[in-house]
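File shown: work-v6.pdb. Contents: PDB, C-alpha atoms, pLDDT in the B column.
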MODEL        1
ATOM      1  CA  MET P1485     159.504 142.391  97.289  1.00 85.00           C
ATOM      2  CA  GLU P1486     159.094 145.604  95.317  1.00 88.00           C
ATOM      3  CA  ILE P1487     160.146 146.309  91.725  1.00 90.00           C
ATOM      4  CA  PHE P1488     161.337 149.741  90.611  1.00 93.00           C
ATOM      5  CA  SER P1489     162.010 151.016  87.084  1.00 94.00           C
ATOM      6  CA  THR P1490     165.365 152.552  86.178  1.00 97.00           C
ATOM      7  CA  PRO P1491     166.269 155.093  83.471  1.00 97.00           C
ATOM      8  CA  LEU P1492     167.059 152.130  81.175  1.00 97.00           C
ATOM      9  CA  GLU P1493     163.899 150.548  79.804  1.00 94.00           C
ATOM     10  CA  GLY P1494     163.608 146.925  80.909  1.00 93.00           C
ATOM     11  CA  VAL P1495     166.194 147.177  83.702  1.00 96.00           C
ATOM     12  CA  TYR P1496     164.624 146.915  87.156  1.00 95.00           C
ATOM     13  CA  VAL P1497     165.824 147.226  90.731  1.00 96.00           C
ATOM     14  CA  LEU P1498     164.188 144.790  93.123  1.00 93.00           C
ATOM     15  CA  LYS P1499     164.085 145.472  96.831  1.00 92.00           C
ATOM     16  CA  SER P1500     163.430 142.624  99.211  1.00 86.00           C
ATOM     17  CA  LYS P1501     161.842 143.292 102.564  1.00 87.00           C
ATOM     18  CA  ILE P1502     164.329 142.305 105.271  1.00 85.00           C
ATOM     19  CA  PHE P1503     163.135 140.796 108.535  1.00 88.00           C
ATOM     20  CA  HIS P1504     165.658 141.314 111.363  1.00 83.00           C
ATOM     21  CA  ASP P1505     165.709 139.741 114.800  1.00 89.00           C
ATOM     22  CA  GLU P1506     168.304 138.654 117.369  1.00 94.00           C
ATOM     23  CA  ARG P1507     169.274 135.648 115.189  1.00 90.00           C
ATOM     24  CA  GLY P1508     170.087 137.725 112.113  1.00 87.00           C
ATOM     25  CA  PHE P1509     167.764 138.385 109.199  1.00 80.00           C
ATOM     26  CA  PHE P1510     165.593 136.784 106.531  1.00 87.00           C
ATOM     27  CA  LEU P1511     164.650 137.969 103.053  1.00 80.00           C
ATOM     28  CA  GLU P1512     162.917 136.526 100.011  1.00 83.00           C
ATOM     29  CA  SER P1513     165.514 136.573  97.244  1.00 86.00           C
ATOM     30  CA  TYR P1514     163.102 135.648  94.443  1.00 86.00           C
ATOM     31  CA  LYS P1515     159.342 135.411  94.103  1.00 85.00           C
ATOM     32  CA  GLU P1516     157.989 134.400  90.694  1.00 87.00           C
ATOM     33  CA  SER P1517     154.569 136.002  91.191  1.00 88.00           C
ATOM     34  CA  ILE P1518     156.143 139.459  91.600  1.00 87.00           C
ATOM     35  CA  PHE P1519     157.978 139.062  88.289  1.00 88.00           C
ATOM     36  CA  LYS P1520     154.858 137.823  86.520  1.00 88.00           C
ATOM     37  CA  GLU P1521     152.864 140.838  87.760  1.00 87.00           C
ATOM     38  CA  LYS P1522     155.304 143.042  85.819  1.00 84.00           C
ATOM     39  CA  ASN P1523     155.404 140.695  82.802  1.00 85.00           C
ATOM     40  CA  ILE P1524     159.119 140.065  83.121  1.00 86.00           C
ATOM     41  CA  CYS P1525     161.121 136.874  82.611  1.00 72.00           C
ATOM     42  CA  THR P1526     160.751 134.076  85.118  1.00 75.00           C
ATOM     43  CA  ALA P1527     162.252 131.248  83.060  1.00 88.00           C
ATOM     44  CA  TRP P1528     165.627 130.653  84.696  1.00 94.00           C
ATOM     45  CA  VAL P1529     167.800 127.785  83.440  1.00 96.00           C
ATOM     46  CA  GLN P1530     171.119 128.437  85.162  1.00 95.00           C
ATOM     47  CA  ASP P1531     172.319 129.917  88.459  1.00 95.00           C
ATOM     48  CA  ASN P1532     175.894 131.167  88.815  1.00 96.00           C
ATOM     49  CA  VAL P1533     177.950 132.321  91.789  1.00 97.00           C
ATOM     50  CA  SER P1534     181.235 134.214  91.761  1.00 97.00           C
ATOM     51  CA  VAL P1535     183.490 135.109  94.668  1.00 98.00           C
ATOM     52  CA  SER P1536     185.761 138.124  94.180  1.00 98.00           C
ATOM     53  CA  SER P1537     188.423 140.025  96.076  1.00 98.00           C
ATOM     54  CA  ARG P1538     188.193 143.765  96.655  1.00 98.00           C
ATOM     55  CA  GLY P1539     188.824 145.656  93.419  1.00 98.00           C
ATOM     56  CA  VAL P1540     188.103 142.767  91.053  1.00 98.00           C
ATOM     57  CA  VAL P1541     186.101 143.790  87.979  1.00 98.00           C
ATOM     58  CA  ARG P1542     184.139 141.150  86.096  1.00 96.00           C
ATOM     59  CA  GLY P1543     182.624 142.255  82.825  1.00 90.00           C
ATOM     60  CA  LEU P1544     181.148 143.937  81.002  1.00 96.00           C
ATOM     61  CA  HIS P1545     179.801 140.672  79.554  1.00 96.00           C
ATOM     62  CA  PHE P1546     176.906 139.640  77.348  1.00 97.00           C
ATOM     63  CA  GLN P1547     175.845 136.716  75.185  1.00 96.00           C
ATOM     64  CA  ARG P1548     175.049 137.313  71.492  1.00 94.00           C
ATOM     65  CA  ASP P1549     171.979 135.808  69.859  1.00 93.00           C
ATOM     66  CA  PRO P1550     170.833 133.094  69.797  1.00 94.00           C
ATOM     67  CA  SER P1551     172.124 132.731  73.360  1.00 96.00           C
ATOM     68  CA  ALA P1552     171.341 136.228  74.676  1.00 96.00           C
ATOM     69  CA  GLN P1553     170.554 136.094  78.387  1.00 96.00           C
ATOM     70  CA  VAL P1554     168.321 137.834  80.864  1.00 96.00           C
ATOM     71  CA  LYS P1555     170.115 138.090  84.221  1.00 96.00           C
ATOM     72  CA  PHE P1556     168.875 138.547  87.770  1.00 96.00           C
ATOM     73  CA  VAL P1557     171.789 139.620  89.978  1.00 97.00           C
ATOM     74  CA  ARG P1558     172.082 139.711  93.775  1.00 96.00           C
ATOM     75  CA  VAL P1559     174.967 139.949  96.264  1.00 97.00           C
ATOM     76  CA  LEU P1560     174.931 137.264  98.956  1.00 95.00           C
ATOM     77  CA  SER P1561     177.927 138.561 100.917  1.00 95.00           C
ATOM     78  CA  GLY P1562     180.150 141.593 100.667  1.00 97.00           C
ATOM     79  CA  LYS P1563     179.480 144.599  98.478  1.00 98.00           C
ATOM     80  CA  ALA P1564     179.487 145.155  94.703  1.00 98.00           C
ATOM     81  CA  PHE P1565     179.192 148.096  92.347  1.00 98.00           C
ATOM     82  CA  ASP P1566     176.947 146.636  89.651  1.00 98.00           C
ATOM     83  CA  VAL P1567     176.587 147.998  86.105  1.00 98.00           C
ATOM     84  CA  ALA P1568     174.245 147.378  83.163  1.00 98.00           C
ATOM     85  CA  VAL P1569     174.952 148.935  79.736  1.00 97.00           C
ATOM     86  CA  ASP P1570     172.285 149.211  77.033  1.00 97.00           C
ATOM     87  CA  LEU P1571     173.577 147.665  73.783  1.00 96.00           C
ATOM     88  CA  ARG P1572     170.222 147.546  72.006  1.00 95.00           C
ATOM     89  CA  LYS P1573     170.776 149.371  68.723  1.00 91.00           C
ATOM     90  CA  GLY P1574     167.898 151.773  68.160  1.00 93.00           C
ATOM     91  CA  SER P1575     167.126 152.084  71.872  1.00 95.00           C
ATOM     92  CA  LYS P1576     166.631 155.608  73.275  1.00 96.00           C
ATOM     93  CA  THR P1577     169.263 154.770  75.893  1.00 96.00           C
ATOM     94  CA  PHE P1578     171.760 152.927  73.659  1.00 95.00           C
ATOM     95  CA  GLY P1579     175.262 153.170  75.158  1.00 94.00           C
ATOM     96  CA  LYS P1580     173.954 154.447  78.498  1.00 96.00           C
ATOM     97  CA  SER P1581     174.674 152.698  81.748  1.00 97.00           C
ATOM     98  CA  TYR P1582     172.925 152.211  85.054  1.00 98.00           C
ATOM     99  CA  SER P1583     174.802 151.355  88.220  1.00 97.00           C
ATOM    100  CA  LEU P1584     174.055 150.758  91.867  1.00 97.00           C
ATOM    101  CA  GLU P1585     175.608 149.251  94.968  1.00 98.00           C
ATOM    102  CA  LEU P1586     174.378 145.787  95.834  1.00 98.00           C
ATOM    103  CA  THR P1587     174.796 144.251  99.276  1.00 95.00           C
ATOM    104  CA  CYS P1588     172.935 141.523 101.066  1.00 87.00           C
ATOM    105  CA  ALA P1589     172.074 144.008 103.797  1.00 89.00           C
ATOM    106  CA  ASN P1590     170.392 146.522 101.475  1.00 93.00           C
ATOM    107  CA  GLY P1591     168.169 143.827  99.940  1.00 90.00           C
ATOM    108  CA  LEU P1592     168.632 145.140  96.383  1.00 97.00           C
ATOM    109  CA  ALA P1593     168.923 143.066  93.230  1.00 96.00           C
ATOM    110  CA  LEU P1594     169.137 143.990  89.552  1.00 97.00           C
ATOM    111  CA  TYR P1595     167.108 142.560  86.667  1.00 96.00           C
ATOM    112  CA  ILE P1596     168.907 142.948  83.325  1.00 97.00           C
ATOM    113  CA  PRO P1597     167.128 142.012  80.069  1.00 95.00           C
ATOM    114  CA  GLU P1598     168.658 140.711  76.850  1.00 95.00           C
ATOM    115  CA  GLY P1599     170.617 143.296  74.915  1.00 96.00           C
ATOM    116  CA  PHE P1600     172.594 144.588  77.887  1.00 97.00           C
ATOM    117  CA  ALA P1601     176.178 144.095  78.976  1.00 97.00           C
ATOM    118  CA  HIS P1602     176.654 143.426  82.680  1.00 98.00           C
ATOM    119  CA  GLY P1603     179.604 143.772  84.996  1.00 97.00           C
ATOM    120  CA  PHE P1604     180.537 144.563  88.551  1.00 98.00           C
ATOM    121  CA  GLN P1605     183.385 145.548  90.813  1.00 98.00           C
ATOM    122  CA  ALA P1606     183.823 143.918  94.220  1.00 98.00           C
ATOM    123  CA  LEU P1607     184.039 146.607  96.888  1.00 98.00           C
ATOM    124  CA  GLU P1608     184.983 144.177  99.666  1.00 97.00           C
ATOM    125  CA  ASP P1609     187.017 140.985  99.876  1.00 98.00           C
ATOM    126  CA  LYS P1610     185.039 137.771  99.461  1.00 97.00           C
ATOM    127  CA  THR P1611     182.143 139.476  97.689  1.00 98.00           C
ATOM    128  CA  VAL P1612     179.736 136.736  96.632  1.00 97.00           C
ATOM    129  CA  LEU P1613     177.522 137.546  93.665  1.00 97.00           C
ATOM    130  CA  SER P1614     174.730 135.238  92.543  1.00 96.00           C
ATOM    131  CA  TYR P1615     172.857 135.527  89.279  1.00 95.00           C
ATOM    132  CA  LYS P1616     170.138 133.660  87.481  1.00 95.00           C
ATOM    133  CA  CYS P1617     170.247 133.354  83.668  1.00 96.00           C
ATOM    134  CA  SER P1618     167.447 132.768  81.182  1.00 96.00           C
ATOM    135  CA  ARG P1619     169.691 130.810  78.796  1.00 96.00           C
ATOM    136  CA  PHE P1620     172.669 128.536  79.259  1.00 96.00           C
ATOM    137  CA  TYR P1621     176.163 129.967  78.935  1.00 95.00           C
ATOM    138  CA  ASP P1622     177.463 129.475  75.395  1.00 96.00           C
ATOM    139  CA  PRO P1623     181.200 130.089  74.929  1.00 94.00           C
ATOM    140  CA  LEU P1624     180.665 130.636  71.178  1.00 95.00           C
ATOM    141  CA  SER P1625     178.234 133.502  71.905  1.00 95.00           C
ATOM    142  CA  GLU P1626     180.138 135.267  74.677  1.00 95.00           C
ATOM    143  CA  SER P1627     181.272 138.818  74.137  1.00 96.00           C
ATOM    144  CA  GLY P1628     181.785 142.026  76.050  1.00 96.00           C
ATOM    145  CA  ILE P1629     182.700 145.677  76.251  1.00 97.00           C
ATOM    146  CA  LEU P1630     185.783 147.023  78.019  1.00 97.00           C
ATOM    147  CA  TRP P1631     184.813 147.890  81.565  1.00 96.00           C
ATOM    148  CA  ASP P1632     186.711 151.191  81.546  1.00 96.00           C
ATOM    149  CA  ASP P1633     185.821 152.418  78.045  1.00 96.00           C
ATOM    150  CA  PRO P1634     185.640 156.225  78.435  1.00 94.00           C
ATOM    151  CA  GLU P1635     182.600 156.383  76.122  1.00 93.00           C
ATOM    152  CA  LEU P1636     180.564 154.566  78.776  1.00 94.00           C
ATOM    153  CA  ASN P1637     181.337 157.183  81.420  1.00 92.00           C
ATOM    154  CA  VAL P1638     180.990 154.667  84.290  1.00 96.00           C
ATOM    155  CA  ASP P1639     182.331 156.042  87.574  1.00 95.00           C
ATOM    156  CA  TRP P1640     183.974 152.894  88.961  1.00 97.00           C
ATOM    157  CA  PRO P1641     184.513 153.424  92.711  1.00 97.00           C
ATOM    158  CA  LEU P1642     187.836 151.541  92.959  1.00 96.00           C
ATOM    159  CA  LYS P1643     189.187 152.214  89.467  1.00 93.00           C
ATOM    160  CA  SER P1644     192.787 152.453  90.689  1.00 93.00           C
ATOM    161  CA  LEU P1645     192.507 148.985  92.306  1.00 94.00           C
ATOM    162  CA  ALA P1646     190.799 147.309  89.355  1.00 95.00           C
ATOM    163  CA  LEU P1647     191.909 143.759  88.666  1.00 96.00           C
ATOM    164  CA  CYS P1648     190.545 142.084  85.526  1.00 96.00           C
ATOM    165  CA  SER P1649     191.095 138.775  83.821  1.00 96.00           C
ATOM    166  CA  PRO P1650     193.327 138.829  80.727  1.00 95.00           C
ATOM    167  CA  LYS P1651     190.232 137.858  78.695  1.00 94.00           C
ATOM    168  CA  ASP P1652     188.274 140.867  79.991  1.00 95.00           C
ATOM    169  CA  MET P1653     191.150 143.208  79.115  1.00 94.00           C
ATOM    170  CA  LYS P1654     190.730 142.178  75.442  1.00 94.00           C
ATOM    171  CA  LEU P1655     187.005 142.975  75.159  1.00 95.00           C
ATOM    172  CA  PHE P1656     185.613 145.442  72.594  1.00 93.00           C
ATOM    173  CA  SER P1657     185.572 149.200  72.961  1.00 94.00           C
ATOM    174  CA  MET P1658     182.167 150.706  72.141  1.00 93.00           C
ATOM    175  CA  LYS P1659     183.604 151.963  68.829  1.00 92.00           C
ATOM    176  CA  ASP P1660     184.745 148.463  67.875  1.00 93.00           C
ATOM    177  CA  PHE P1661     181.462 146.949  69.061  1.00 90.00           C
ATOM    178  CA  LEU P1662     179.560 149.260  66.711  1.00 87.00           C
ATOM    179  CA  LYS P1663     181.589 148.127  63.678  1.00 81.00           C
TER     180      LYS P1663
ENDMDL
END
Can you turn what I pasted into structure tokens?
Amino acid sequence: MEIFSTPLEGVYVLKSKIFHDERGFFLESYKESIFKEKNICTAWVQDNVSVSSRGVVRGLHFQRDPSAQVKFVRVLSGKAFDVAVDLRKGSKTFGKSYSLELTCANGLALYIPEGFAHGFQALEDKTVLSYKCSRFYDPLSESGILWDDPELNVDWPLKSLALCSPKDMKLFSMKDFLK
């Protein structure tokens, strides 16, 4: 497993080595020692899985303090366009986003520290996304930014097919978040 920096400080792309043979393939999805070498979080308390139809957008979500979460995101099946948005006031990249396509076949995963919103769009039916969290989900601390806020300038690949929950449609714009 290799770890690569992104333009957003603290956000990393992890690439697992994939071993193929006639039976299929094998990859290590998590290896604590690799994380510790980079001095990044390895204290996971909750694993979540979502299954989404093509076009579904989930996010952009985050947990406010004291329940802010680090997330480690990987696609187990299907394909997702995954996005992290820097919400750390005072950060050089505040309001900037980073996105990439995650599939099981490409072996990529995304590490997202506290202070970031996270979301994704399923690019195929039955896209299965798995993510580890450093803190338990707290409904009193949940919040988010509108996935399609023009200020974020995220180029969603299936924008015209986007399907969101009613709750996600009521999330903050960046302007409202800053108030």
Determine, for each residue of region 1563-1615 of chain P having at least one atom at most 12 Å from an atom of region 1636-1657 of chain P, the closest pair of atoms and their separation in Å to one decimal, counting only C-alpha atoms; order by chain and ascending number, as a Markdown table.
| residue | atom | partner | partner_atom | distance |
| --- | --- | --- | --- | --- |
| P:Lys1563 | CA | P:Pro1641 | CA | 11.7 |
| P:Ala1564 | CA | P:Pro1641 | CA | 9.9 |
| P:Phe1565 | CA | P:Pro1641 | CA | 7.5 |
| P:Asp1566 | CA | P:Trp1640 | CA | 9.4 |
| P:Val1567 | CA | P:Val1638 | CA | 8.2 |
| P:Ala1568 | CA | P:Val1638 | CA | 10.0 |
| P:Val1569 | CA | P:Leu1636 | CA | 8.0 |
| P:Asp1570 | CA | P:Leu1636 | CA | 10.0 |
| P:Leu1571 | CA | P:Leu1636 | CA | 11.0 |
| P:Thr1577 | CA | P:Leu1636 | CA | 11.7 |
| P:Phe1578 | CA | P:Leu1636 | CA | 10.3 |
| P:Gly1579 | CA | P:Leu1636 | CA | 6.6 |
| P:Lys1580 | CA | P:Leu1636 | CA | 6.6 |
| P:Ser1581 | CA | P:Leu1636 | CA | 6.9 |
| P:Tyr1582 | CA | P:Val1638 | CA | 8.5 |
| P:Ser1583 | CA | P:Val1638 | CA | 8.0 |
| P:Leu1584 | CA | P:Trp1640 | CA | 10.6 |
| P:Glu1585 | CA | P:Pro1641 | CA | 10.1 |
| P:Ala1601 | CA | P:Leu1636 | CA | 11.4 |
| P:Gly1603 | CA | P:Asp1652 | CA | 10.4 |
| P:Phe1604 | CA | P:Trp1640 | CA | 9.0 |
| P:Gln1605 | CA | P:Trp1640 | CA | 7.6 |
| P:Ala1606 | CA | P:Leu1642 | CA | 8.7 |
| P:Leu1607 | CA | P:Leu1642 | CA | 7.4 |
| P:Glu1608 | CA | P:Leu1642 | CA | 10.4 |
So which one's closest to Val1612 (chain P), P:Pro1634, P:Ile1629, P:Val1557, P:Leu1592? Using only C-alpha atoms, please.
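The answer is P:Val1557, which sits nearest to Val1612 (chain P).
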Just the number, please: distance in Å from CA of Ser1537 (chain P) to CA of Leu1613 (chain P), one decimal.
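Distance between the two atoms: 11.4 Å.
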Expand the PyMOL selection byres ((chain P and resi 1551) around 8) into the explicit residue set it covers here, and present it as a ChimeraX atom specification.
/P:1547-1550,1552-1553,1619-1622,1625
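Residues in contact with Ser1500 (chain P) at 12 Å, where all atoms listed in the file are counted and same-chain residues fewer than 5 positions away are skipped, are listed as Met1485, Glu1486, Ile1487, Phe1488, Phe1509, Phe1510, Leu1511, Glu1512, Ser1513, Tyr1514, Lys1515, Ile1518, Arg1558, Leu1586, Thr1587, Cys1588, Ala1589, Asn1590, Gly1591, Leu1592, Ala1593 and Leu1594 of chain P.
This file, filtered with the PyMOL selection byres ((chain P and resi 1529) around 8), gives the residues Ala1527, Trp1528, Gln1530, Asp1531, Lys1616, Cys1617, Ser1618, Arg1619 and Phe1620 of chain P.
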Between CA of Gly1543 (chain P) and CA of Glu1516 (chain P), distance in Å (one decimal)
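Going from CA of Gly1543 (chain P) over to CA of Glu1516 (chain P) covers 27.0 Å.
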What is the distance, in Å and to one decimal place, between CA of Phe1556 (chain P) and CA of Lys1663 (chain P)?
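That distance, rounded to one decimal, is 28.9 Å.
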Can you report as AutoDock Vina command-line options the centre and edge lengths in Å, to one decimal, of an axis-aligned box around the listed atoms of region 1629-1640 of chain P padded with 4 Å on each side?
--center_x 183.6 --center_y 151.4 --center_z 82.5 --size_x 14.1 --size_y 19.5 --size_z 20.8
